[in-house]
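What follows is one structure encoded as structure tokens, with my remarks underneath.
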Amino acid sequence: MPTLQDDPTLEDFQRYVAELEGERGFENQTATEKCLLLGEEIGELFKAVRRSEGLKVDPASPIGEIEHELADVFIYVCAIANRYGIGLEEAFRSKEALNHQRRWFSEEEMESHGEGGVSH
């Protein structure tokens, strides 16, 4: 059984997920399969959030805990990154460098800057 060290890095998580997949026989699933499974897990996360927020849920539908569903989503994100040879830490840092160059405006702010708003 794979073990995860204390205070793991993103690289450690990705390595752990790869080992876990090998142990459980999931290493041959394609990126497409992993993406579809990720979508299912996101749906489960949404149900858990709905229950937590007091929104109506189907009592016959099993609903997990938010922290467990987040962990499942993270596992699939690691698995997808592994399929493409992407290091999540570097991808995160690279994307954040781009995000630091961007600016976000509300619809009201865009209208006041003459940039138009989002059409409804």
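In the structure tokens, each chain is lettered A, B, ... as it comes, each chain's residues begin at 1, and ligands are numbered from 1 in order of appearance.
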Return as a VMD selection string the full set of residues in chain A whose backbone-based DSSP assignment is alpha helix (DSSP H). chain A and resid 10 to 24 31 to 52 66 to 83 88 to 99 107 to 112
For Val17 in chain A, list every protein, DNA or RNA residue within 12 Å, evaluated using only C-alpha atoms, and leave out those in the same chain fewer than 6 positions away; present the list as a PyMOL selection string. chain A and resi 1-4+10-11+23-27+71-83
Deliver the residues from the most recent selection as a file, using N, CA and C atoms, as a compact mmCIF listing (two decimals), in the first residue's frame.
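Saved file out_30.txt follows:
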```txt
# COMPACT_ATOMS: atom_id res chain seq x y z
N MET A 1 0.84 -1.18 0.00
CA MET A 1 0.00 0.00 0.00
C MET A 1 0.89 1.24 0.00
N PRO A 2 0.63 2.18 -0.91
CA PRO A 2 1.44 3.40 -0.94
C PRO A 2 1.27 4.19 0.35
N THR A 3 2.31 4.92 0.70
CA THR A 3 2.22 5.80 1.87
C THR A 3 2.53 7.22 1.44
N LEU A 4 1.91 8.14 2.14
CA LEU A 4 2.10 9.56 1.87
C LEU A 4 2.83 10.14 3.07
N LEU A 10 2.98 18.90 -3.70
CA LEU A 10 2.08 18.48 -4.78
C LEU A 10 2.68 17.32 -5.56
N GLU A 11 3.98 17.36 -5.76
CA GLU A 11 4.66 16.26 -6.45
C GLU A 11 4.48 14.95 -5.68
N GLU A 23 -1.82 0.15 -7.73
CA GLU A 23 -2.24 -0.84 -6.74
C GLU A 23 -3.69 -1.26 -6.96
N ARG A 24 -4.53 -0.32 -7.34
CA ARG A 24 -5.97 -0.59 -7.49
C ARG A 24 -6.37 -0.99 -8.91
N GLY A 25 -5.39 -1.01 -9.83
CA GLY A 25 -5.67 -1.44 -11.19
C GLY A 25 -6.30 -0.37 -12.07
N PHE A 26 -6.09 0.89 -11.74
CA PHE A 26 -6.67 2.00 -12.51
C PHE A 26 -5.67 2.68 -13.44
N GLU A 27 -4.45 2.19 -13.50
CA GLU A 27 -3.40 2.89 -14.25
C GLU A 27 -3.64 2.93 -15.75
N ALA A 71 -11.46 15.67 -1.52
CA ALA A 71 -10.30 14.77 -1.65
C ALA A 71 -10.42 13.94 -2.93
N ASP A 72 -11.64 13.43 -3.22
CA ASP A 72 -11.84 12.66 -4.44
C ASP A 72 -11.55 13.51 -5.68
N VAL A 73 -12.03 14.76 -5.68
CA VAL A 73 -11.77 15.67 -6.80
C VAL A 73 -10.26 15.87 -6.96
N PHE A 74 -9.57 16.09 -5.87
CA PHE A 74 -8.12 16.30 -5.91
C PHE A 74 -7.40 15.07 -6.46
N ILE A 75 -7.84 13.89 -6.06
CA ILE A 75 -7.23 12.65 -6.56
C ILE A 75 -7.36 12.59 -8.08
N TYR A 76 -8.55 12.91 -8.60
CA TYR A 76 -8.74 12.86 -10.06
C TYR A 76 -7.95 13.95 -10.77
N VAL A 77 -7.83 15.12 -10.17
CA VAL A 77 -7.01 16.18 -10.77
C VAL A 77 -5.56 15.70 -10.86
N CYS A 78 -5.06 15.09 -9.81
CA CYS A 78 -3.70 14.55 -9.83
C CYS A 78 -3.56 13.48 -10.91
N ALA A 79 -4.55 12.60 -11.01
CA ALA A 79 -4.50 11.52 -12.00
C ALA A 79 -4.48 12.08 -13.43
N ILE A 80 -5.29 13.09 -13.68
CA ILE A 80 -5.33 13.70 -15.02
C ILE A 80 -4.00 14.38 -15.32
N ALA A 81 -3.48 15.11 -14.36
CA ALA A 81 -2.18 15.76 -14.55
C ALA A 81 -1.11 14.71 -14.84
N ASN A 82 -1.16 13.60 -14.13
CA ASN A 82 -0.18 12.53 -14.36
C ASN A 82 -0.28 11.97 -15.77
N ARG A 83 -1.50 11.86 -16.30
CA ARG A 83 -1.68 11.32 -17.65
C ARG A 83 -0.98 12.19 -18.70
```
Determine, counting only C-alpha atoms, which protein, DNA and RNA residues have an atom within 12 Å of an atom of Gly43 in chain A; residues of the same chain fewer than 5 positions away are not included. Present the result as a PyMOL selection string. chain A and resi 36-38+48-50+61-64+66+69-70+72-73
Based on the selection just made, write N, CA and C atoms of those residues as a short mmCIF file (atom, residue, chain, number, x, y, z; two decimals), in the first residue's frame.
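Full text of part26.cif as output:
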```cif
data_model
loop_
_atom_site.label_atom_id
_atom_site.label_comp_id
_atom_site.auth_asym_id
_atom_site.auth_seq_id
_atom_site.Cartn_x
_atom_site.Cartn_y
_atom_site.Cartn_z
N LEU A 36 -14.21 12.15 -17.04
CA LEU A 36 -15.60 11.81 -16.78
C LEU A 36 -15.83 11.46 -15.31
N LEU A 37 -14.90 10.72 -14.75
CA LEU A 37 -14.99 10.39 -13.32
C LEU A 37 -14.86 11.64 -12.46
N LEU A 38 -14.00 12.56 -12.86
CA LEU A 38 -13.88 13.83 -12.15
C LEU A 38 -15.21 14.57 -12.16
N ALA A 48 -23.07 17.53 -1.72
CA ALA A 48 -22.65 17.70 -0.32
C ALA A 48 -22.74 19.17 0.09
N VAL A 49 -22.37 20.07 -0.80
CA VAL A 49 -22.47 21.51 -0.51
C VAL A 49 -23.94 21.91 -0.38
N ARG A 50 -24.78 21.41 -1.28
CA ARG A 50 -26.21 21.73 -1.20
C ARG A 50 -26.77 21.30 0.15
N SER A 61 -30.69 9.68 -2.44
CA SER A 61 -29.38 9.76 -3.08
C SER A 61 -28.30 9.84 -2.01
N PRO A 62 -27.29 8.96 -2.09
CA PRO A 62 -26.22 9.04 -1.08
C PRO A 62 -25.45 10.35 -1.22
N ILE A 63 -25.18 10.96 -0.07
CA ILE A 63 -24.47 12.24 -0.07
C ILE A 63 -23.27 12.11 0.87
N GLY A 64 -22.10 12.39 0.33
CA GLY A 64 -20.87 12.29 1.11
C GLY A 64 -20.59 13.56 1.89
N ILE A 66 -18.28 16.93 2.53
CA ILE A 66 -17.59 17.87 1.65
C ILE A 66 -16.09 17.56 1.60
N GLU A 69 -15.40 14.52 -0.56
CA GLU A 69 -15.63 14.78 -1.99
C GLU A 69 -14.52 15.66 -2.56
N LEU A 70 -14.05 16.64 -1.78
CA LEU A 70 -12.92 17.47 -2.22
C LEU A 70 -11.68 16.61 -2.42
N ASP A 72 -11.64 13.43 -3.22
CA ASP A 72 -11.84 12.66 -4.44
C ASP A 72 -11.55 13.51 -5.68
N VAL A 73 -12.03 14.76 -5.68
CA VAL A 73 -11.77 15.67 -6.80
C VAL A 73 -10.26 15.87 -6.96
#
```
When you draw a straight line from CA of Glu44 in chain A to CA of Asp12 in chain A, how long is it in Å? 25.5 Å
What's the separation between CA of Lys47 in chain A and CA of Leu20 in chain A, in Å to one decimal place?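 Rounded to one decimal, the two atoms are 26.1 Å apart.
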Find, counting only C-alpha atoms, the residue in A:Asn99, A:Thr9, A:Gly54, A:Tyr84 that gets nearest to Lys34 in chain A.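 So, comparing all the options, the nearest one is A:Tyr84.
CA of Glu19 in chain A lies 13.4 Å from CA of Gln5 in chain A.
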